[in-house]
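Notes to accompany the following structure.
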Amino acid sequence: MRARDIMTSPVITVTPAVPLKGAAALMVSHGFTALPVVDDDKRLVGIITEADLVRGKYLEDTGTVVADVMTTPAVAMDAAAPAEMLARVMIDDRRRCVPIVDGSTVIGVVTRRDLVRVLARADTTVAAEVQRVLDMYGGGRKWTVTVHEGEAVIGAVTTDEETERVLVALADAVPGVLRTRVLTGGQR
């Protein structure tokens, strides 16, 4: 599973010139814990978090804007980043939100809540979705699918390497699949 499969898009952003009160209102109204900060060309220049807002609240200057308190540079990943890498960055770096970029343009965000939502999906629901995707690809029920604790196991009588790579890629794109194996003739 990749960032593109679980990210929230389109993304709500702010510019460095937005007053702190405006950024705070935006975060509260949407239930966000952070917002990517972009320049006029929509390129990522930083991120503003709840902690940044609280710190900014106590600055003497009443004209405080996002640029005064935002965290920069922001840690971002591209849409192909594996969910495991996103989770590791969030845990190790204590981040709640990771912007997803195409080049330097923000195209989405992945939050801890997005990752938890994927984990909360029942294995039977995930298996049914993987089976549906594989059936569409193969034009009928050519493979069997089971999912246990996020691991998808695809059963096939026989398959070549290229088809196996496609099956794994298709299964990995389904939210809730953490890893995929293909068993051919009861092996692998």
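In the structure tokens, chains take letters A, B, ... by order of appearance, with residues numbered from 1 within each chain and ligands from 1 in the order shown.
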
### Query
Which residues, written as a list in words, have at least one atom at most 12 Å from A:Gly103, with only C-alpha atoms counted and residues fewer than 4 positions away on the same chain left out?
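Result of the neighbour search: Lys42, Arg43, Leu44, Ala76, Met77, Asp78, Ala79, Ala80, Pro99 and Ile107 of chain A.
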
### Query
Which residues, written as a list of chain:residue names, have at least one atom at most 8 Å from A:Leu115, with only C-alpha atoms counted and residues fewer than 3 positions away on the same chain left out?
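Within the cut-off, the hits are A:Ile6, A:Ala83, A:Ala87, A:Val110, A:Thr111, A:Arg112, A:Val118, A:Leu119.
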
I need the chosen residues saved as a compact mmCIF listing (two decimals), in the first residue's frame, with N, CA, C and O atoms.
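Done, and the output landed in out28.txt:
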# COMPACT_ATOMS: atom_id res chain seq x y z
N ILE A 6 -3.90 6.05 0.40
CA ILE A 6 -4.52 6.42 1.68
C ILE A 6 -4.53 7.91 1.95
O ILE A 6 -5.16 8.35 2.90
N ALA A 83 3.36 2.71 2.84
CA ALA A 83 2.69 3.07 4.09
C ALA A 83 3.57 2.77 5.29
O ALA A 83 3.56 3.51 6.27
N ALA A 87 4.48 5.35 8.30
CA ALA A 87 4.25 5.03 9.71
C ALA A 87 5.55 5.18 10.51
O ALA A 87 5.55 5.74 11.61
N VAL A 110 -1.02 12.55 4.49
CA VAL A 110 -1.35 11.32 5.21
C VAL A 110 -1.17 11.64 6.69
O VAL A 110 -0.14 12.18 7.10
N THR A 111 -2.20 11.32 7.47
CA THR A 111 -2.17 11.55 8.91
C THR A 111 -2.15 10.21 9.64
O THR A 111 -2.39 9.16 9.04
N ARG A 112 -1.89 10.28 10.92
CA ARG A 112 -1.96 9.06 11.73
C ARG A 112 -3.35 8.44 11.63
O ARG A 112 -3.50 7.23 11.57
N VAL A 118 -6.92 2.51 7.95
CA VAL A 118 -6.56 1.36 7.13
C VAL A 118 -6.44 0.12 8.01
O VAL A 118 -6.92 -0.96 7.65
N LEU A 119 -5.80 0.27 9.17
CA LEU A 119 -5.63 -0.87 10.07
C LEU A 119 -6.96 -1.39 10.60
O LEU A 119 -7.10 -2.58 10.89

### Task
Could you give me, as a list in words, the residues within 8 Å of A:Ala171, counting only C-alpha atoms and dropping anything in the same chain fewer than 2 positions from it?
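Non-adjacent residues within range: Val130, Val133, Leu134, Ala152, Leu167, Val168, Ala169, Ala173, Val174, Val177 and Thr180 of chain A.
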
#### Entry: Pick from A:Thr33, A:Asp123, A:Thr184, A:Ser104, whichever lies nearest to A:Trp143 using only C-alpha atoms
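Of the candidates, the smallest distance to A:Trp143 is held by A:Thr184.
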
### Query
Which of these residues is nearest to A:Leu178, using only C-alpha atoms: A:Val11, A:Val106, A:Leu26, A:Met1?
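Of the candidates, the smallest distance to A:Leu178 is held by A:Met1.
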
### Near-A:Pro19 list (12 Å; only C-alpha atoms; drop same-chain fewer than 3 positions) as a list in words
Val14, Thr15, Pro16, Gly22, Ala23, Ala24, Ala25, Leu26, Ile48, Leu53, Gly56, Lys57, Asp61, Thr62, Gly63, Thr64, Val65, Val66, Ala67, Asp68, Val69 and Met70 of chain A

### Query
So how many Å separate atom CA of A:Val45 and atom CA of A:Arg95, to one decimal?
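Straight-line distance from atom CA of A:Val45 to atom CA of A:Arg95 works out to 16.6 Å.
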